[in-house]
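> Supplied structure: my_file_4.cif, mmCIF, N, CA and C atoms.
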```
data_run
#
loop_
_atom_site.label_atom_id
_atom_site.label_comp_id
_atom_site.auth_asym_id
_atom_site.auth_seq_id
_atom_site.Cartn_x
_atom_site.Cartn_y
_atom_site.Cartn_z
N MET A 1 28.03 12.09 -47.72
CA MET A 1 26.62 12.13 -47.40
C MET A 1 26.28 11.05 -46.36
N ILE A 2 26.83 9.85 -46.56
CA ILE A 2 26.57 8.75 -45.63
C ILE A 2 27.20 9.05 -44.27
N ALA A 3 28.38 9.64 -44.28
CA ALA A 3 29.06 9.97 -43.03
C ALA A 3 28.27 11.00 -42.25
N LEU A 4 27.64 11.96 -42.94
CA LEU A 4 26.83 12.99 -42.28
C LEU A 4 25.62 12.35 -41.62
N LYS A 5 24.99 11.38 -42.30
CA LYS A 5 23.83 10.69 -41.73
C LYS A 5 24.25 9.91 -40.49
N GLN A 6 25.42 9.28 -40.54
CA GLN A 6 25.89 8.52 -39.40
C GLN A 6 26.20 9.44 -38.21
N ILE A 7 26.75 10.59 -38.48
CA ILE A 7 27.05 11.55 -37.41
C ILE A 7 25.75 12.05 -36.78
N ILE A 8 24.75 12.37 -37.59
CA ILE A 8 23.46 12.84 -37.07
C ILE A 8 22.79 11.74 -36.26
N LEU A 9 22.82 10.50 -36.77
CA LEU A 9 22.23 9.38 -36.06
C LEU A 9 22.93 9.15 -34.71
N ALA A 10 24.25 9.22 -34.71
CA ALA A 10 25.00 9.05 -33.46
C ALA A 10 24.66 10.16 -32.47
N GLY A 11 24.51 11.39 -32.95
CA GLY A 11 24.15 12.52 -32.08
C GLY A 11 22.77 12.33 -31.47
N VAL A 12 21.80 11.91 -32.29
CA VAL A 12 20.44 11.67 -31.78
C VAL A 12 20.45 10.56 -30.74
N LEU A 13 21.19 9.48 -31.00
CA LEU A 13 21.27 8.39 -30.04
C LEU A 13 21.91 8.83 -28.73
N MET A 14 22.93 9.65 -28.81
CA MET A 14 23.60 10.13 -27.59
C MET A 14 22.67 11.01 -26.77
N ILE A 15 21.94 11.89 -27.45
CA ILE A 15 21.00 12.76 -26.73
C ILE A 15 19.90 11.92 -26.10
N GLY A 16 19.38 10.94 -26.83
CA GLY A 16 18.35 10.06 -26.30
C GLY A 16 18.85 9.25 -25.12
N ALA A 17 20.08 8.79 -25.18
CA ALA A 17 20.65 7.99 -24.10
C ALA A 17 20.85 8.82 -22.83
N THR A 18 21.23 10.09 -22.98
CA THR A 18 21.40 10.91 -21.78
C THR A 18 20.06 11.20 -21.13
N ASN A 19 19.02 11.40 -21.94
CA ASN A 19 17.69 11.62 -21.36
C ASN A 19 17.19 10.37 -20.65
N LEU A 20 17.47 9.22 -21.25
CA LEU A 20 17.03 7.97 -20.65
C LEU A 20 17.75 7.70 -19.33
N SER A 21 19.04 7.98 -19.29
CA SER A 21 19.79 7.72 -18.06
C SER A 21 19.46 8.72 -16.96
N SER A 22 18.98 9.91 -17.33
CA SER A 22 18.64 10.89 -16.30
C SER A 22 17.27 10.63 -15.69
N ALA A 23 16.45 9.84 -16.38
CA ALA A 23 15.13 9.50 -15.83
C ALA A 23 15.32 8.39 -14.81
N LYS A 24 15.09 8.71 -13.53
CA LYS A 24 15.31 7.74 -12.47
C LYS A 24 13.99 7.16 -12.00
N LEU A 25 14.05 5.96 -11.50
CA LEU A 25 12.89 5.31 -10.92
C LEU A 25 12.58 5.99 -9.59
N LYS A 26 11.37 6.51 -9.47
CA LYS A 26 10.98 7.18 -8.23
C LYS A 26 10.03 6.28 -7.45
N ILE A 27 10.40 5.95 -6.24
CA ILE A 27 9.59 5.11 -5.38
C ILE A 27 8.77 6.03 -4.48
N PRO A 28 7.44 5.92 -4.54
CA PRO A 28 6.62 6.78 -3.69
C PRO A 28 6.74 6.41 -2.21
N VAL A 29 6.97 7.41 -1.39
CA VAL A 29 7.07 7.22 0.05
C VAL A 29 6.21 8.29 0.70
N GLY A 30 5.37 7.91 1.64
CA GLY A 30 4.57 8.90 2.35
C GLY A 30 3.24 8.35 2.82
N GLU A 31 2.40 9.26 3.27
CA GLU A 31 1.09 8.88 3.78
C GLU A 31 0.09 8.73 2.65
N ARG A 32 -0.84 7.80 2.84
CA ARG A 32 -1.95 7.64 1.90
C ARG A 32 -3.14 7.07 2.64
N GLU A 33 -4.31 7.42 2.14
CA GLU A 33 -5.54 6.89 2.71
C GLU A 33 -5.85 5.56 2.03
N VAL A 34 -6.25 4.58 2.84
CA VAL A 34 -6.55 3.26 2.32
C VAL A 34 -7.99 2.92 2.66
N LEU A 35 -8.73 2.51 1.64
CA LEU A 35 -10.14 2.17 1.77
C LEU A 35 -10.29 0.69 1.44
N SER A 36 -10.80 -0.11 2.39
CA SER A 36 -10.94 -1.55 2.18
C SER A 36 -12.37 -1.97 2.47
N LYS A 37 -13.01 -2.61 1.49
CA LYS A 37 -14.38 -3.08 1.67
C LYS A 37 -14.39 -4.23 2.66
N VAL A 38 -15.31 -4.15 3.65
CA VAL A 38 -15.37 -5.19 4.68
C VAL A 38 -16.70 -5.93 4.71
N HIS A 39 -17.77 -5.32 4.18
CA HIS A 39 -19.08 -5.99 4.19
C HIS A 39 -19.93 -5.50 3.03
N ASP A 40 -20.56 -6.46 2.38
CA ASP A 40 -21.45 -6.15 1.26
C ASP A 40 -22.88 -6.09 1.79
N LEU A 41 -23.44 -4.88 1.84
CA LEU A 41 -24.82 -4.73 2.30
C LEU A 41 -25.77 -5.20 1.20
N PRO A 42 -26.99 -5.61 1.57
CA PRO A 42 -27.93 -6.07 0.54
C PRO A 42 -28.27 -4.96 -0.45
N ASP A 43 -28.46 -5.34 -1.70
CA ASP A 43 -28.79 -4.37 -2.75
C ASP A 43 -30.30 -4.12 -2.74
N THR A 44 -30.75 -3.34 -1.75
CA THR A 44 -32.16 -3.00 -1.63
C THR A 44 -32.32 -1.49 -1.75
N GLU A 45 -33.57 -1.06 -1.82
CA GLU A 45 -33.85 0.38 -1.94
C GLU A 45 -33.31 1.17 -0.75
N GLU A 46 -33.25 0.52 0.41
CA GLU A 46 -32.77 1.18 1.62
C GLU A 46 -31.31 1.63 1.47
N PHE A 47 -30.52 0.86 0.73
CA PHE A 47 -29.09 1.15 0.58
C PHE A 47 -28.74 1.67 -0.81
N LYS A 48 -29.74 2.09 -1.57
CA LYS A 48 -29.49 2.62 -2.91
C LYS A 48 -29.07 4.09 -2.81
N LEU A 49 -28.00 4.43 -3.51
CA LEU A 49 -27.49 5.80 -3.50
C LEU A 49 -28.14 6.63 -4.61
N GLU A 50 -27.88 7.93 -4.59
CA GLU A 50 -28.48 8.84 -5.58
C GLU A 50 -28.06 8.50 -7.01
N ASN A 51 -26.85 7.98 -7.17
CA ASN A 51 -26.36 7.67 -8.52
C ASN A 51 -26.81 6.29 -9.02
N GLY A 52 -27.61 5.57 -8.23
CA GLY A 52 -28.12 4.27 -8.64
C GLY A 52 -27.29 3.10 -8.13
N ASN A 53 -26.12 3.36 -7.59
CA ASN A 53 -25.29 2.30 -7.02
C ASN A 53 -25.76 1.99 -5.61
N PHE A 54 -25.19 0.94 -5.03
CA PHE A 54 -25.59 0.52 -3.69
C PHE A 54 -24.46 0.72 -2.69
N LEU A 55 -24.85 0.99 -1.45
CA LEU A 55 -23.91 1.26 -0.36
C LEU A 55 -23.38 -0.05 0.22
N ASP A 56 -22.10 -0.06 0.54
CA ASP A 56 -21.46 -1.16 1.25
C ASP A 56 -20.70 -0.56 2.43
N LEU A 57 -20.07 -1.39 3.24
CA LEU A 57 -19.27 -0.91 4.36
C LEU A 57 -17.79 -1.14 4.08
N ALA A 58 -16.98 -0.18 4.50
CA ALA A 58 -15.53 -0.28 4.32
C ALA A 58 -14.84 0.35 5.51
N THR A 59 -13.56 0.05 5.66
CA THR A 59 -12.74 0.72 6.66
C THR A 59 -11.86 1.74 5.95
N LEU A 60 -11.65 2.86 6.60
CA LEU A 60 -10.79 3.91 6.07
C LEU A 60 -9.72 4.20 7.12
N HIS A 61 -8.46 4.12 6.71
CA HIS A 61 -7.36 4.47 7.61
C HIS A 61 -6.26 5.14 6.80
N THR A 62 -5.38 5.83 7.48
CA THR A 62 -4.24 6.48 6.84
C THR A 62 -2.98 5.80 7.33
N GLU A 63 -2.10 5.46 6.39
CA GLU A 63 -0.86 4.77 6.73
C GLU A 63 0.32 5.44 6.06
N PHE A 64 1.48 5.29 6.67
CA PHE A 64 2.73 5.73 6.07
C PHE A 64 3.34 4.51 5.42
N ASN A 65 3.58 4.57 4.10
CA ASN A 65 4.09 3.39 3.43
C ASN A 65 5.13 3.72 2.38
N ILE A 66 5.73 2.68 1.87
CA ILE A 66 6.73 2.78 0.82
C ILE A 66 6.21 1.99 -0.38
N ALA A 67 6.15 2.64 -1.52
CA ALA A 67 5.78 2.01 -2.79
C ALA A 67 4.39 1.37 -2.75
N TYR A 68 3.51 1.87 -1.96
CA TYR A 68 2.12 1.41 -1.85
C TYR A 68 1.97 -0.03 -1.36
N ILE A 69 3.05 -0.74 -1.11
CA ILE A 69 2.94 -2.15 -0.72
C ILE A 69 3.62 -2.46 0.62
N LEU A 70 4.30 -1.50 1.19
CA LEU A 70 5.02 -1.75 2.44
C LEU A 70 4.56 -0.76 3.51
N PRO A 71 3.43 -1.06 4.19
CA PRO A 71 2.93 -0.15 5.22
C PRO A 71 3.80 -0.20 6.47
N LEU A 72 4.42 0.93 6.81
CA LEU A 72 5.31 0.94 7.97
C LEU A 72 4.56 1.21 9.27
N TYR A 73 3.65 2.17 9.26
CA TYR A 73 2.85 2.39 10.47
C TYR A 73 1.55 3.11 10.11
N ILE A 74 0.57 2.97 11.00
CA ILE A 74 -0.75 3.56 10.82
C ILE A 74 -0.74 4.93 11.47
N THR A 75 -1.09 5.98 10.71
CA THR A 75 -1.11 7.33 11.26
C THR A 75 -2.49 7.74 11.75
N VAL A 76 -3.54 7.22 11.13
CA VAL A 76 -4.92 7.47 11.57
C VAL A 76 -5.61 6.13 11.69
N ALA A 77 -6.18 5.85 12.87
CA ALA A 77 -6.83 4.57 13.14
C ALA A 77 -7.99 4.33 12.18
N PRO A 78 -8.30 3.06 11.90
CA PRO A 78 -9.39 2.77 10.97
C PRO A 78 -10.76 3.12 11.55
N LYS A 79 -11.66 3.51 10.64
CA LYS A 79 -13.05 3.76 11.05
C LYS A 79 -13.96 3.23 9.96
N LEU A 80 -15.17 2.85 10.34
CA LEU A 80 -16.15 2.34 9.38
C LEU A 80 -16.79 3.49 8.63
N VAL A 81 -16.92 3.31 7.32
CA VAL A 81 -17.55 4.31 6.47
C VAL A 81 -18.45 3.59 5.47
N GLY A 82 -19.38 4.35 4.87
CA GLY A 82 -20.15 3.82 3.76
C GLY A 82 -19.27 3.86 2.51
N TYR A 83 -19.51 2.95 1.57
CA TYR A 83 -18.61 2.82 0.44
C TYR A 83 -19.38 2.46 -0.82
N ASP A 84 -19.11 3.20 -1.89
CA ASP A 84 -19.67 2.89 -3.21
C ASP A 84 -18.54 2.25 -4.01
N GLU A 85 -18.65 0.94 -4.22
CA GLU A 85 -17.56 0.19 -4.85
C GLU A 85 -17.34 0.59 -6.31
N LYS A 86 -18.38 0.95 -7.01
CA LYS A 86 -18.24 1.28 -8.43
C LYS A 86 -17.53 2.61 -8.65
N THR A 87 -17.81 3.61 -7.83
CA THR A 87 -17.17 4.92 -8.01
C THR A 87 -15.97 5.11 -7.09
N LYS A 88 -15.73 4.16 -6.18
CA LYS A 88 -14.61 4.20 -5.22
C LYS A 88 -14.71 5.42 -4.28
N GLU A 89 -15.93 5.85 -3.99
CA GLU A 89 -16.16 6.98 -3.07
C GLU A 89 -16.61 6.43 -1.72
N TYR A 90 -16.29 7.17 -0.67
CA TYR A 90 -16.75 6.77 0.65
C TYR A 90 -17.61 7.88 1.25
N TYR A 91 -18.48 7.48 2.17
CA TYR A 91 -19.41 8.39 2.82
C TYR A 91 -19.24 8.28 4.33
N ASP A 92 -18.99 9.40 4.97
CA ASP A 92 -18.82 9.42 6.41
C ASP A 92 -20.21 9.38 7.03
N ILE A 93 -20.52 8.29 7.71
CA ILE A 93 -21.83 8.09 8.34
C ILE A 93 -21.69 8.42 9.82
N PRO A 94 -22.58 9.26 10.37
CA PRO A 94 -22.51 9.59 11.80
C PRO A 94 -22.57 8.32 12.68
N ASP A 95 -21.97 8.40 13.85
CA ASP A 95 -21.84 7.23 14.73
C ASP A 95 -23.18 6.59 15.08
N LYS A 96 -24.17 7.40 15.43
CA LYS A 96 -25.47 6.84 15.82
C LYS A 96 -26.12 6.10 14.66
N GLU A 97 -26.03 6.66 13.46
CA GLU A 97 -26.61 5.99 12.29
C GLU A 97 -25.83 4.71 11.95
N MET A 98 -24.52 4.75 12.14
CA MET A 98 -23.72 3.55 11.87
C MET A 98 -24.06 2.46 12.86
N GLU A 99 -24.22 2.81 14.15
CA GLU A 99 -24.60 1.83 15.16
C GLU A 99 -25.95 1.21 14.83
N ALA A 100 -26.91 2.04 14.41
CA ALA A 100 -28.24 1.54 14.05
C ALA A 100 -28.14 0.60 12.84
N LEU A 101 -27.34 0.95 11.87
CA LEU A 101 -27.15 0.13 10.68
C LEU A 101 -26.53 -1.22 11.03
N LEU A 102 -25.54 -1.20 11.91
CA LEU A 102 -24.89 -2.44 12.33
C LEU A 102 -25.85 -3.32 13.13
N MET A 103 -26.66 -2.70 14.00
CA MET A 103 -27.64 -3.47 14.78
C MET A 103 -28.67 -4.10 13.85
N GLU A 104 -29.13 -3.34 12.87
CA GLU A 104 -30.14 -3.83 11.92
C GLU A 104 -29.60 -5.00 11.10
N GLN A 105 -28.33 -4.95 10.73
CA GLN A 105 -27.71 -6.01 9.92
C GLN A 105 -27.09 -7.12 10.78
N LYS A 106 -27.20 -7.00 12.12
CA LYS A 106 -26.66 -7.97 13.08
C LYS A 106 -25.15 -8.15 12.88
N LEU A 107 -24.46 -7.01 12.84
CA LEU A 107 -23.01 -7.00 12.67
C LEU A 107 -22.36 -6.38 13.89
N LYS A 108 -21.11 -6.72 14.14
CA LYS A 108 -20.37 -6.13 15.24
C LYS A 108 -19.28 -5.23 14.67
N SER A 109 -19.19 -4.04 15.21
CA SER A 109 -18.18 -3.08 14.76
C SER A 109 -16.78 -3.61 14.98
N SER A 110 -16.57 -4.32 16.10
CA SER A 110 -15.23 -4.83 16.42
C SER A 110 -14.77 -5.88 15.41
N ASN A 111 -15.71 -6.63 14.81
CA ASN A 111 -15.34 -7.63 13.81
C ASN A 111 -15.01 -6.99 12.46
N LEU A 112 -15.64 -5.88 12.14
CA LEU A 112 -15.45 -5.24 10.83
C LEU A 112 -14.32 -4.23 10.83
N ASN A 113 -14.17 -3.51 11.93
CA ASN A 113 -13.24 -2.38 11.97
C ASN A 113 -11.86 -2.80 12.48
N LYS A 114 -11.21 -3.68 11.74
CA LYS A 114 -9.86 -4.07 12.12
C LYS A 114 -9.00 -4.22 10.86
N LEU A 115 -7.70 -4.15 11.08
CA LEU A 115 -6.75 -4.21 9.97
C LEU A 115 -6.16 -5.61 9.85
N THR A 116 -5.65 -5.91 8.67
CA THR A 116 -5.03 -7.21 8.46
C THR A 116 -3.68 -7.27 9.19
N PHE A 117 -3.17 -8.48 9.38
CA PHE A 117 -1.89 -8.66 10.05
C PHE A 117 -0.78 -7.97 9.27
N TYR A 118 -0.80 -8.11 7.94
CA TYR A 118 0.26 -7.49 7.13
C TYR A 118 0.24 -5.97 7.26
N THR A 119 -0.95 -5.38 7.28
CA THR A 119 -1.05 -3.93 7.40
C THR A 119 -0.52 -3.47 8.75
N GLN A 120 -0.83 -4.21 9.80
CA GLN A 120 -0.39 -3.82 11.14
C GLN A 120 1.09 -4.11 11.38
N TYR A 121 1.54 -5.32 11.03
CA TYR A 121 2.88 -5.74 11.42
C TYR A 121 3.79 -6.14 10.26
N GLY A 122 3.23 -6.56 9.15
CA GLY A 122 4.03 -7.09 8.05
C GLY A 122 5.02 -6.10 7.48
N GLY A 123 4.61 -4.86 7.30
CA GLY A 123 5.51 -3.85 6.77
C GLY A 123 6.69 -3.61 7.69
N LYS A 124 6.43 -3.61 8.99
CA LYS A 124 7.51 -3.43 9.96
C LYS A 124 8.49 -4.59 9.90
N LEU A 125 7.96 -5.82 9.82
CA LEU A 125 8.83 -7.00 9.77
C LEU A 125 9.68 -7.00 8.51
N VAL A 126 9.07 -6.72 7.36
CA VAL A 126 9.82 -6.69 6.10
C VAL A 126 10.86 -5.58 6.13
N GLY A 127 10.49 -4.42 6.65
CA GLY A 127 11.43 -3.30 6.76
C GLY A 127 12.61 -3.64 7.65
N LEU A 128 12.36 -4.28 8.80
CA LEU A 128 13.46 -4.68 9.69
C LEU A 128 14.36 -5.72 9.04
N MET A 129 13.76 -6.65 8.28
CA MET A 129 14.58 -7.65 7.59
C MET A 129 15.46 -6.99 6.53
N LEU A 130 14.93 -6.03 5.80
CA LEU A 130 15.74 -5.31 4.81
C LEU A 130 16.90 -4.58 5.46
N ILE A 131 16.63 -3.90 6.57
CA ILE A 131 17.69 -3.19 7.29
C ILE A 131 18.73 -4.18 7.81
N ALA A 132 18.28 -5.32 8.32
CA ALA A 132 19.22 -6.34 8.82
C ALA A 132 20.11 -6.86 7.70
N PHE A 133 19.55 -7.12 6.53
CA PHE A 133 20.35 -7.60 5.40
C PHE A 133 21.36 -6.55 4.94
N ILE A 134 20.95 -5.29 4.96
CA ILE A 134 21.88 -4.22 4.56
C ILE A 134 23.04 -4.14 5.55
N ILE A 135 22.74 -4.19 6.85
CA ILE A 135 23.79 -4.14 7.87
C ILE A 135 24.69 -5.37 7.76
N TRP A 136 24.09 -6.55 7.56
CA TRP A 136 24.85 -7.78 7.42
C TRP A 136 25.78 -7.71 6.21
N GLY A 137 25.33 -7.05 5.14
CA GLY A 137 26.17 -6.91 3.96
C GLY A 137 27.37 -6.02 4.18
N PHE A 138 27.29 -5.07 5.10
CA PHE A 138 28.41 -4.18 5.38
C PHE A 138 29.43 -4.77 6.36
N ILE A 139 29.03 -5.79 7.09
CA ILE A 139 29.94 -6.40 8.05
C ILE A 139 30.90 -7.32 7.29
N PRO A 140 32.21 -7.06 7.38
CA PRO A 140 33.16 -7.91 6.66
C PRO A 140 33.26 -9.29 7.30
N SER A 141 33.37 -10.29 6.46
CA SER A 141 33.50 -11.64 7.01
C SER A 141 34.97 -11.90 7.34
N SER A 142 35.18 -12.65 8.39
CA SER A 142 36.56 -12.96 8.78
C SER A 142 37.03 -14.20 8.02
N LYS A 143 38.20 -14.12 7.45
CA LYS A 143 38.74 -15.23 6.68
C LYS A 143 39.72 -16.00 7.56
N LYS A 144 39.77 -17.30 7.35
CA LYS A 144 40.70 -18.12 8.11
C LYS A 144 42.12 -17.84 7.64
N LYS A 145 43.01 -17.81 8.60
CA LYS A 145 44.41 -17.59 8.27
C LYS A 145 45.02 -18.89 7.77
N VAL A 146 45.72 -18.79 6.68
CA VAL A 146 46.37 -19.97 6.12
C VAL A 146 47.85 -19.86 6.39
N GLU A 147 48.38 -20.87 7.04
CA GLU A 147 49.82 -20.87 7.35
C GLU A 147 50.51 -21.86 6.42
N PRO A 148 51.64 -21.45 5.89
CA PRO A 148 52.36 -22.37 4.99
C PRO A 148 52.96 -23.54 5.77
N LYS A 149 52.97 -24.68 5.16
CA LYS A 149 53.55 -25.87 5.78
C LYS A 149 55.00 -26.00 5.32
N HIS A 150 55.86 -26.35 6.27
CA HIS A 150 57.27 -26.55 5.94
C HIS A 150 57.52 -28.03 5.67
N ILE A 151 58.18 -28.26 4.59
CA ILE A 151 58.46 -29.65 4.22
C ILE A 151 59.84 -30.05 4.67
#
```
Can you dump the structure from the file as structure tokens?


Amino acid sequence: MIALKQIILAGVLMIGATNLSSAKLKIPVGEREVLSKVHDLPDTEEFKLENGNFLDLATLHTEFNIAYILPLYITVAPKLVGYDEKTKEYYDIPDKEMEALLMEQKLKSSNLNKLTFYTQYGGKLVGLMLIAFIIWGFIPSSKKKVEPKHI
């Protein structure tokens, strides 16, 4: 009876182990839209949305990245959009209305509508360093020749 229990337990463990080993870590690679808040507009009736939240300004761009943290390149240039921080929704505001909003708030589009250094160049630098380390690892090191001494 005890041997039967041990055999069943061993079988269950083996089946569980094969399922565990077949589950691989999947790293997401591809394009994604990135929304970054750049300016907090005043919480007044003028900027109140239908749901009771308030409008802010954000940049929206599309990037090709690895694992959500390594942006390799920008596929769609950033543009200013309206942003509801609580619901994480964005609103496409026509250019003339956006210009009027920026003039009213005494803001410059060029100061708000830009990407961080890491988003623009950091992913490329990290990616190149990883490739360099991989190539360096494949290059065999030369060993010094040792010659025997005669006594």

> Please write as JSON, numbers by chain the full residue list that the PyMOL selection byres ((chain A and resi 38) around 5) yields on this file.

{"A": [36, 37, 39, 40, 57, 58, 59]}

> Could you write out the selected residues, including N, CA and C atoms, as a PDB file, in the frame of the given file?


```
ATOM      1  N   SER A  36     -10.800  -0.110   2.390  1.00  0.00           N
ATOM      2  CA  SER A  36     -10.940  -1.550   2.180  1.00  0.00           C
ATOM      3  C   SER A  36     -12.370  -1.970   2.470  1.00  0.00           C
ATOM      4  N   LYS A  37     -13.010  -2.610   1.490  1.00  0.00           N
ATOM      5  CA  LYS A  37     -14.380  -3.080   1.670  1.00  0.00           C
ATOM      6  C   LYS A  37     -14.390  -4.230   2.660  1.00  0.00           C
ATOM      7  N   HIS A  39     -17.770  -5.320   4.180  1.00  0.00           N
ATOM      8  CA  HIS A  39     -19.080  -5.990   4.190  1.00  0.00           C
ATOM      9  C   HIS A  39     -19.930  -5.500   3.030  1.00  0.00           C
ATOM     10  N   ASP A  40     -20.560  -6.460   2.380  1.00  0.00           N
ATOM     11  CA  ASP A  40     -21.450  -6.150   1.260  1.00  0.00           C
ATOM     12  C   ASP A  40     -22.880  -6.090   1.790  1.00  0.00           C
ATOM     13  N   LEU A  57     -20.070  -1.390   3.240  1.00  0.00           N
ATOM     14  CA  LEU A  57     -19.270  -0.910   4.360  1.00  0.00           C
ATOM     15  C   LEU A  57     -17.790  -1.140   4.080  1.00  0.00           C
ATOM     16  N   ALA A  58     -16.980  -0.180   4.500  1.00  0.00           N
ATOM     17  CA  ALA A  58     -15.530  -0.280   4.320  1.00  0.00           C
ATOM     18  C   ALA A  58     -14.840   0.350   5.510  1.00  0.00           C
ATOM     19  N   THR A  59     -13.560   0.050   5.660  1.00  0.00           N
ATOM     20  CA  THR A  59     -12.740   0.720   6.660  1.00  0.00           C
ATOM     21  C   THR A  59     -11.860   1.740   5.950  1.00  0.00           C
TER      22      THR A  59
END
```

> Mind giving me the straight-line distance from atom N of Ile139 (chain A) to atom C of Val126 (chain A) in Å, one decimal?

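Between these atoms lies a distance of 18.2 Å.
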
> For this file, the PyMOL selection byres ((chain A and resi 114) around 8) selects which residues, as a list in words?

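Checked against the file, the PyMOL selection byres ((chain A and resi 114) around 8) matches Thr59, Pro78, Lys79, Leu80, Ser109, Ser110, Asn111, Leu112, Asn113, Leu115, Thr116 and Phe117 of chain A.
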
> Please measure the separation of CA of Lys124 (chain A) and atom N of Leu25 (chain A), giving the value in Å to one decimal.

24.3 Å

> Write down as a PyMOL selection string the residues belonging to chain A that are assigned alpha helix (DSSP H) by DSSP computed on the backbone.

chain A and resi 2-22+95-104+109-112+117+123-138

> Which residues of region 28-72 of chain A come within 6.5 Å of region 84-95 of chain A, and what is each one's closest atom pair and distance in Å (one decimal), counting all atoms listed in the file, sorted by chain and residue number, as a Markdown table?


```
| residue | atom | partner | partner_atom | distance |
| --- | --- | --- | --- | --- |
| A:Phe54 | C | A:Asp84 | CA | 5.3 |
| A:Leu55 | CA | A:Asp84 | CA | 5.4 |
| A:Asp56 | N | A:Asp84 | N | 5.0 |
```

> Counting only C-alpha atoms, which residues come within 9 Å of (10.7, -3.5, 2.7), with the point read in the file's coordinates, and could you list them as a PyMOL selection string?

chain A and resi 66+69-72+123-131

> Measure the distance from CA of Val34 (chain A) to CA of Lys108 (chain A) in Å and round it to one decimal.

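So the two atoms, CA of Val34 (chain A) and CA of Lys108 (chain A), lie 21.1 Å apart.
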
> What's the 6.5 Å shell around Ile74 (chain A), counting all atoms listed in the file, without same-chain residues fewer than 5 positions away, as a PyMOL selection string?

chain A and resi 62-64

> Measuring between only N, CA and C atoms, which one of A:Leu41, A:Leu102, A:Trp136, A:Gly30 shows the shortest distance to Tyr68 (chain A)?

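Of A:Leu41, A:Leu102, A:Trp136, A:Gly30, the one nearest Tyr68 (chain A) is A:Gly30, counting only N, CA and C atoms.
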
> Mind the document's chain letters and residue numbers, and return as a PyMOL selection string the residues of region 64-97 of chain A that DSSP labels strand (DSSP E or B).

chain A and resi 64-66+70-84+89-91

> Could I get region 139-150 of chain A rebuilt with N, CA, C and O atoms, written as a PDB file, keeping the file's coordinate frame?


```
ATOM      1  N   ILE A 139      29.030  -5.790   7.090  1.00  0.00           N
ATOM      2  CA  ILE A 139      29.940  -6.400   8.050  1.00  0.00           C
ATOM      3  C   ILE A 139      30.900  -7.320   7.290  1.00  0.00           C
ATOM      4  O   ILE A 139      30.461  -8.252   6.608  1.00  0.00           O
ATOM      5  N   PRO A 140      32.210  -7.060   7.380  1.00  0.00           N
ATOM      6  CA  PRO A 140      33.160  -7.910   6.660  1.00  0.00           C
ATOM      7  C   PRO A 140      33.260  -9.290   7.300  1.00  0.00           C
ATOM      8  O   PRO A 140      33.198  -9.425   8.528  1.00  0.00           O
ATOM      9  N   SER A 141      33.370 -10.290   6.460  1.00  0.00           N
ATOM     10  CA  SER A 141      33.500 -11.640   7.010  1.00  0.00           C
ATOM     11  C   SER A 141      34.970 -11.900   7.340  1.00  0.00           C
ATOM     12  O   SER A 141      35.868 -11.422   6.661  1.00  0.00           O
ATOM     13  N   SER A 142      35.180 -12.650   8.390  1.00  0.00           N
ATOM     14  CA  SER A 142      36.560 -12.960   8.780  1.00  0.00           C
ATOM     15  C   SER A 142      37.030 -14.200   8.020  1.00  0.00           C
ATOM     16  O   SER A 142      36.315 -15.196   7.948  1.00  0.00           O
ATOM     17  N   LYS A 143      38.200 -14.120   7.450  1.00  0.00           N
ATOM     18  CA  LYS A 143      38.740 -15.230   6.680  1.00  0.00           C
ATOM     19  C   LYS A 143      39.720 -16.000   7.560  1.00  0.00           C
ATOM     20  O   LYS A 143      40.424 -15.422   8.392  1.00  0.00           O
ATOM     21  N   LYS A 144      39.770 -17.300   7.350  1.00  0.00           N
ATOM     22  CA  LYS A 144      40.700 -18.120   8.110  1.00  0.00           C
ATOM     23  C   LYS A 144      42.120 -17.840   7.640  1.00  0.00           C
ATOM     24  O   LYS A 144      42.375 -17.689   6.454  1.00  0.00           O
ATOM     25  N   LYS A 145      43.010 -17.810   8.600  1.00  0.00           N
ATOM     26  CA  LYS A 145      44.410 -17.590   8.270  1.00  0.00           C
ATOM     27  C   LYS A 145      45.020 -18.890   7.770  1.00  0.00           C
ATOM     28  O   LYS A 145      44.857 -19.948   8.381  1.00  0.00           O
ATOM     29  N   VAL A 146      45.720 -18.790   6.680  1.00  0.00           N
ATOM     30  CA  VAL A 146      46.370 -19.970   6.120  1.00  0.00           C
ATOM     31  C   VAL A 146      47.850 -19.860   6.390  1.00  0.00           C
ATOM     32  O   VAL A 146      48.488 -18.866   6.040  1.00  0.00           O
ATOM     33  N   GLU A 147      48.380 -20.870   7.040  1.00  0.00           N
ATOM     34  CA  GLU A 147      49.820 -20.870   7.350  1.00  0.00           C
ATOM     35  C   GLU A 147      50.510 -21.860   6.420  1.00  0.00           C
ATOM     36  O   GLU A 147      50.018 -22.965   6.214  1.00  0.00           O
ATOM     37  N   PRO A 148      51.640 -21.450   5.890  1.00  0.00           N
ATOM     38  CA  PRO A 148      52.360 -22.370   4.990  1.00  0.00           C
ATOM     39  C   PRO A 148      52.960 -23.540   5.770  1.00  0.00           C
ATOM     40  O   PRO A 148      53.392 -23.390   6.913  1.00  0.00           O
ATOM     41  N   LYS A 149      52.970 -24.680   5.160  1.00  0.00           N
ATOM     42  CA  LYS A 149      53.550 -25.870   5.780  1.00  0.00           C
ATOM     43  C   LYS A 149      55.000 -26.000   5.320  1.00  0.00           C
ATOM     44  O   LYS A 149      55.313 -25.779   4.168  1.00  0.00           O
ATOM     45  N   HIS A 150      55.860 -26.350   6.270  1.00  0.00           N
ATOM     46  CA  HIS A 150      57.270 -26.550   5.940  1.00  0.00           C
ATOM     47  C   HIS A 150      57.520 -28.030   5.670  1.00  0.00           C
ATOM     48  O   HIS A 150      57.128 -28.892   6.443  1.00  0.00           O
TER      49      HIS A 150
END
```
